[in-house]
>>> print(open('structure.txt').read())   # compact mmCIF, C-alpha atoms
# COMPACT_ATOMS: atom_id res chain seq x y z
CA MET M 1 66.13 108.27 106.53
CA TYR M 2 66.10 104.84 104.89
CA LEU M 3 62.62 105.38 103.44
CA LYS M 4 63.80 108.60 101.77
CA ILE M 5 66.87 106.83 100.39
CA LYS M 6 64.76 103.92 99.13
CA ALA M 7 62.21 106.21 97.47
CA GLU M 8 64.95 108.13 95.66
CA PHE M 9 66.78 104.92 94.73
CA LEU M 10 63.67 103.38 93.15
CA THR M 11 63.23 106.39 90.87
CA HIS M 12 66.45 105.30 89.13
CA ILE M 13 65.30 101.70 88.50
CA ASP M 14 64.28 100.65 85.00
CA GLN M 15 62.96 97.24 83.94
CA GLU M 16 65.25 97.37 80.91
CA LYS M 17 68.33 97.90 83.05
CA ARG M 18 69.09 94.70 84.94
CA GLN M 19 72.88 94.40 84.83
CA ALA M 20 75.49 94.91 87.54
CA GLN M 21 76.50 98.28 86.09
CA ASP M 22 72.87 99.44 86.25
CA PHE M 23 72.70 98.68 89.97
CA GLU M 24 76.00 100.49 90.53
CA ASP M 25 74.76 103.51 88.55
CA ALA M 26 71.59 103.66 90.66
CA ILE M 27 73.63 103.41 93.85
CA GLN M 28 75.91 106.22 92.69
CA GLU M 29 72.88 108.46 92.16
CA ILE M 30 72.05 108.26 95.87
CA SER M 31 75.61 107.92 97.21
CA GLU M 32 75.50 111.26 99.04
CA MET M 33 72.35 110.20 100.88
CA LEU M 34 73.88 106.82 101.75
CA ASN M 35 76.96 108.46 103.21
CA GLN M 36 74.71 110.47 105.51
CA CYS M 37 73.71 107.30 107.34
CA GLY M 38 74.60 107.91 110.96
CA ASP M 39 76.80 104.89 111.55
CA ALA M 40 78.11 101.65 110.09
CA VAL M 41 75.09 99.57 111.11
CA ASN M 42 72.62 101.88 109.37
CA PHE M 43 74.81 102.19 106.28
CA GLN M 44 75.24 98.43 106.05
CA TYR M 45 71.52 97.80 106.47
CA ALA M 46 70.58 100.49 103.93
CA PHE M 47 72.96 99.25 101.24
CA ASP M 48 71.86 95.61 101.44
CA ALA M 49 68.20 96.50 101.79
CA LEU M 50 68.51 98.55 98.59
CA TYR M 51 69.94 95.57 96.76
CA PHE M 52 67.06 93.44 98.01
CA ALA M 53 64.60 96.15 96.91
CA TRP M 54 66.27 96.22 93.48
CA GLU M 55 65.78 92.46 93.10
CA CYS M 56 62.14 92.71 94.16
CA GLN M 57 61.43 95.66 91.87
CA LEU M 58 62.82 93.74 88.88
CA ASN M 59 61.16 90.50 90.05
CA ILE M 60 64.49 88.70 90.33
CA GLN M 61 64.11 85.57 92.43
CA HIS M 62 66.80 84.21 94.75
CA HIS M 63 66.69 80.81 93.07
CA GLU M 64 67.66 82.45 89.78
CA ALA M 65 71.17 83.55 88.89
CA ILE M 66 71.70 86.79 90.80
CA PRO M 67 72.84 89.40 88.26
CA ILE M 68 75.59 90.75 90.50
CA THR M 69 77.97 88.24 92.00
CA GLU M 70 78.25 88.41 95.76
CA LEU M 71 81.95 89.25 95.54
CA ASP M 72 81.34 92.13 93.12
CA ARG M 73 78.58 93.54 95.31
CA ILE M 74 80.77 93.33 98.40
CA ALA M 75 83.61 95.04 96.56
CA LEU M 76 81.24 97.83 95.48
CA LYS M 77 80.00 98.32 99.03
CA TYR M 78 83.44 98.52 100.60
CA SER M 79 85.22 100.47 97.87
CA GLN M 80 82.73 103.18 96.88
CA PHE M 81 81.89 104.46 100.33
CA GLY M 82 85.16 105.13 102.11
CA GLU M 83 83.56 107.34 104.75
CA HIS M 84 82.05 104.30 106.46
CA GLN M 85 84.52 101.66 105.34
CA GLU M 86 86.57 101.15 108.51
CA ALA M 87 83.54 101.34 110.76
CA VAL M 88 81.62 98.87 108.60
CA ILE M 89 84.49 96.40 108.62
CA GLN M 90 84.92 96.63 112.39
CA ASN M 91 81.20 96.34 113.00
CA LEU M 92 80.91 93.33 110.72
CA LEU M 93 83.72 91.41 112.36
CA GLU M 94 82.44 92.16 115.88
CA SER M 95 78.77 91.53 115.16
CA ALA M 96 78.65 88.49 112.88
CA ASP M 97 75.68 86.94 114.69
CA GLU M 98 73.61 90.12 114.49
CA TRP M 99 74.51 90.56 110.82
CA HIS M 100 73.43 86.98 110.15
CA SER M 101 70.08 87.70 111.83
CA GLU M 102 69.57 90.91 109.83
CA LEU M 103 70.22 89.12 106.54
CA THR M 104 67.77 86.39 107.46
CA ALA M 105 65.15 89.00 108.35
CA ASP M 106 65.73 90.70 104.99
CA GLY M 107 64.59 87.59 103.14
CA LEU M 108 67.57 85.26 102.80
CA ASN M 109 67.18 81.81 104.31
CA SER M 110 69.45 80.82 107.19
CA THR M 111 71.96 78.91 105.05
CA ASP M 112 72.29 81.69 102.47
CA ALA M 113 72.58 84.36 105.15
CA LEU M 114 75.34 82.51 106.98
CA ALA M 115 77.21 81.85 103.72
CA LEU M 116 77.03 85.53 102.74
CA SER M 117 78.19 86.64 106.20
CA MET M 118 81.17 84.29 106.03
CA LEU M 119 82.00 85.42 102.50
CA GLU M 120 81.98 89.07 103.51
CA ALA M 121 84.16 88.40 106.55
CA ARG M 122 86.70 86.42 104.53
CA PHE M 123 86.75 89.03 101.76
CA ILE M 124 87.42 91.87 104.20
CA VAL M 125 90.01 90.09 106.30
CA GLU M 126 91.95 88.77 103.31
CA ALA M 127 91.96 92.21 101.67
CA GLU M 128 93.29 93.81 104.84
CA GLN M 129 95.94 91.11 105.20
CA ARG M 130 97.10 91.62 101.61
CA LYS M 131 97.35 95.35 102.13
CA THR M 132 99.36 95.15 105.35
CA ALA M 133 101.60 92.35 104.06
CA THR M 134 102.85 94.30 101.05
CA ILE M 135 106.41 95.17 102.00
CA ASP M 136 106.96 97.80 99.31
CA HIS M 137 103.63 99.54 99.92
CA PRO M 138 104.52 103.27 99.84
CA SER M 139 103.82 105.31 102.95
CA PRO M 140 101.46 108.30 102.59
CA ILE M 141 104.49 110.60 102.69
CA ALA M 142 106.09 108.75 99.76
CA VAL M 143 103.08 109.02 97.45
CA PRO M 144 103.65 112.64 96.26
CA GLN M 145 107.35 111.92 95.70
CA LYS M 146 106.44 108.85 93.63
CA ILE M 147 103.89 110.78 91.57
CA VAL M 148 106.39 113.52 90.69
CA GLN M 149 109.11 110.98 89.94
CA LEU M 150 106.83 109.06 87.57
CA TYR M 151 105.59 111.99 85.52
CA ARG M 152 108.96 113.77 85.43
CA ASN M 153 110.20 110.68 83.61
CA PHE M 154 108.32 111.95 80.54
CA TYR M 155 107.33 115.59 81.19
CA ARG M 156 108.70 118.96 82.31
CA ALA M 157 106.99 122.31 82.74
CA GLU M 158 107.61 124.87 79.99
CA LYS M 159 109.78 127.10 82.21
CA ARG M 160 112.86 125.72 83.91
CA TYR M 161 112.82 128.51 86.52
CA ASN M 162 109.71 129.49 88.50
CA PRO M 163 107.24 127.50 86.39
CA GLU M 164 103.52 128.08 86.75
CA THR M 165 102.05 125.67 89.29
CA THR M 166 99.38 124.41 86.89
CA ASN M 167 102.01 123.75 84.23
CA ALA M 168 104.34 121.97 86.67
CA LEU M 169 101.47 119.75 87.83
CA LYS M 170 99.80 119.29 84.42
CA PRO M 171 99.90 115.44 84.19
CA LEU M 172 98.52 115.16 87.73
CA LEU M 173 95.77 117.71 87.02
CA LEU M 174 94.77 115.84 83.86
CA VAL M 175 94.39 112.62 85.86
CA LYS M 176 92.34 114.44 88.50
CA ASP M 177 90.04 115.90 85.84
CA VAL M 178 89.35 112.56 84.16
CA ILE M 179 88.73 110.70 87.44
CA SER M 180 86.43 113.47 88.71
CA ARG M 181 84.31 113.49 85.54
CA SER M 182 84.30 109.83 84.51
CA ARG M 183 81.73 107.25 85.59
CA SER M 184 84.11 104.42 84.66
CA VAL M 185 86.06 102.23 87.08
CA GLY M 186 88.99 99.81 86.88
CA GLU M 187 90.69 99.27 83.54
CA ASP M 188 88.09 101.34 81.67
CA LEU M 189 88.97 104.31 83.86
CA HIS M 190 92.69 103.68 83.47
CA GLN M 191 92.39 103.68 79.67
CA GLU M 192 90.52 106.99 79.76
CA VAL M 193 93.23 108.53 81.95
CA LEU M 194 95.97 107.07 79.76
CA GLY M 195 94.33 108.45 76.63
CA ARG M 196 94.07 111.96 78.08
CA VAL M 197 97.72 112.11 79.17
CA CYS M 198 98.98 110.65 75.87
CA ALA M 199 96.89 113.18 73.90
CA PHE M 200 98.37 116.00 75.97
CA MET M 201 101.94 114.81 75.34
CA ARG M 202 101.24 114.70 71.59
CA GLN M 203 100.18 118.35 71.84
CA VAL M 204 103.38 119.15 73.74
CA ARG M 205 105.46 117.55 70.97
CA ARG M 206 103.58 119.56 68.33
CA GLY M 207 104.04 122.77 70.31
CA THR M 208 100.29 123.32 70.77
CA ALA M 209 100.40 122.78 74.56
CA LYS M 210 102.72 124.29 77.16
CA GLY M 211 105.37 121.92 78.44
CA ARG M 212 108.48 119.99 77.43
CA TRP M 213 108.87 116.36 76.45
CA VAL M 214 111.77 114.40 77.95
CA ILE M 215 112.03 111.17 75.96
CA LYS M 216 112.81 111.30 72.26
CA ASP M 217 111.35 107.84 71.54
CA SER M 218 107.53 108.10 71.65
CA GLU M 219 107.13 104.39 72.34
CA ILE M 220 109.29 104.58 75.46
CA GLU M 221 107.44 107.74 76.46
CA ARG M 222 104.10 105.89 76.30
CA GLU M 223 105.50 103.12 78.53
CA GLU M 224 106.41 105.75 81.13
CA ILE M 225 102.94 107.29 80.86
CA VAL M 226 101.37 103.86 81.41
CA GLU M 227 103.39 103.40 84.61
CA PHE M 228 102.33 106.83 85.87
CA THR M 229 98.63 106.40 85.06
CA GLU M 230 98.51 102.88 86.51
CA PHE M 231 99.97 104.20 89.76
CA MET M 232 97.41 107.01 89.89
CA VAL M 233 94.36 104.84 89.16
CA TYR M 234 95.23 101.60 90.93
CA HIS M 235 97.35 102.78 93.84
CA VAL M 236 96.37 106.38 94.61
CA LEU M 237 92.64 106.15 93.79
CA GLY M 238 92.18 102.41 94.28
CA GLN M 239 94.21 101.80 97.43
CA ARG M 240 94.80 105.10 99.20
CA PHE M 241 91.25 106.39 98.58
CA ASN M 242 89.54 102.99 98.44
CA GLY M 243 88.17 103.76 94.98
CA ASP M 244 86.13 106.67 96.36
CA LYS M 245 86.22 109.35 93.65
CA SER M 246 84.60 112.01 95.83
CA GLN M 247 87.27 111.62 98.50
CA PHE M 248 90.01 111.53 95.86
CA SER M 249 88.79 114.73 94.21
CA GLY M 250 88.29 116.72 97.43
CA ARG M 251 90.51 119.37 98.96
CA ASN M 252 91.56 116.93 101.67
CA GLY M 253 92.28 114.26 99.06
CA ILE M 254 94.18 114.99 95.89
CA GLY M 255 94.28 118.66 96.90
CA LEU M 256 96.78 117.92 99.67
CA ILE M 257 98.79 115.72 97.33
CA GLU M 258 98.88 118.54 94.76
CA ASP M 259 100.43 120.90 97.32
CA ALA M 260 103.11 118.34 98.16
CA CYS M 261 103.78 117.54 94.50
CA SER M 262 104.16 121.22 93.67
CA ALA M 263 106.86 121.64 96.33
CA ILE M 264 108.61 118.41 95.34
CA TYR M 265 108.57 119.31 91.62
CA LEU M 266 110.27 122.65 92.36
CA LEU M 267 112.89 120.97 94.53
CA GLU M 268 113.64 118.42 91.81
CA GLN M 269 113.79 121.15 89.17
CA ASP M 270 116.15 123.19 91.36
CA LYS M 271 118.50 120.19 91.52
CA GLU M 272 118.30 119.77 87.73
CA ASN M 273 119.00 123.48 87.15
CA ARG M 274 122.11 123.34 89.37
CA ALA M 275 123.48 120.22 87.66
>>> encode(input="structure.txt", output="structure tokens")
Amino acid sequence: MYLKIKAEFLTHIDQEKRQAQDFEDAIQEISEMLNQCGDAVNFQYAFDALYFAWECQLNIQHHEAIPITELDRIALKYSQFGEHQEAVIQNLLESADEWHSELTADGLNSTDALALSMLEARFIVEAEQRKTATIDHPSPIAVPQKIVQLYRNFYRAEKRYNPETTNALKPLLLVKDVISRSRSVGEDLHQEVLGRVCAFMRQVRRGTAKGRWVIKDSEIEREEIVEFTEFMVYHVLGQRFNGDKSQFSGRNGIGLIEDACSAIYLLEQDKENRA
């Protein structure tokens, strides 16, 4: 399996492309194959062996400045492949000595291998501690309610009674579309999402898109849109789905959240209609 993954991975390597984003792009091209690795050990080995192969293919030496910082590479490994994330973390913490040996066998000297193992362990543990220590971290049940609350601050469906589902969920569906299509991450992705939602609200104000605006002041409206899009990109995609766009976009990801948001939107609109 690894040999097939490596062969496919190397077809996406170019001597002119030596930056961190180029490695990430190549990894994304074979992400489906990587996620077919049978367990955490094989996934972990395959990912790091691919990075080593990338260095060798581009003739990057370990004594030179490595083009991807260790922290960035670790973040990529544990955020892009949510299917194996928990198993990889557990395996790493339980098998530090074996992991150290594997790194050494892959070409790192003993000191570098131990340092990288310790760095990975600290990175994972500290991230988990931060996540569990956040008192106001919304529960999974609260996420759809929060989403609806945030976008209803600036948007309503065209019809007050029995609105079309796609119209009631329009801001959420726009976010889903951008995230599913975009290759960007982090703030670049957030700006793309923000731009799409703002453009839609301009169309609503001009009457060229179905929907109703809520806030008369456009500047205040944009502030509300920023809060909504930040929540979607950094909390929903980044935290709940570990940055994994394929999981986010799937029927068992944002699809389930859409169903909940649709019901919650109607309940909130019913309350507004009765007021």
>>> residues_around(input="structure.txt", residues="range 177-189 of chain M", least_positions_apart="5", cutoff="9 Å", atoms="only C-alpha atoms", output="PyMOL selection string")
chain M and resi 25+172+194+196+233-234+237-238+243+245-246+248-249
>>> closest_residue(input="structure.txt", among="M:Leu173, M:Leu50, M:His235, M:Ala263", to="Phe9 in chain M", atoms="all atoms listed in the file")
M:Leu50
>>> closest_residue(input="structure.txt", among="M:Gly250, M:Gly211, M:Gly195, M:Pro163", to="Ser262 in chain M", atoms="all atoms listed in the file")
M:Pro163
>>> atom_distance(input="structure.txt", atom1="CA of Ile225 in chain M", atom2="CA of Ala260 in chain M")
20.5 Å
>>> atom_distance(input="structure.txt", atom1="CA of Lys216 in chain M", atom2="CA of Tyr155 in chain M")
11.3 Å
>>> atom_distance(input="structure.txt", atom1="CA of Ala157 in chain M", atom2="CA of Ile264 in chain M")
13.3 Å
>>> residues_around(input="structure.txt", residues="Thr11 in chain M", least_positions_apart="2", cutoff="12 Å", atoms="all atoms listed in the file", output="ChimeraX atom specification")
/M:4-9,13-15,26-27,29-30,53-54,57
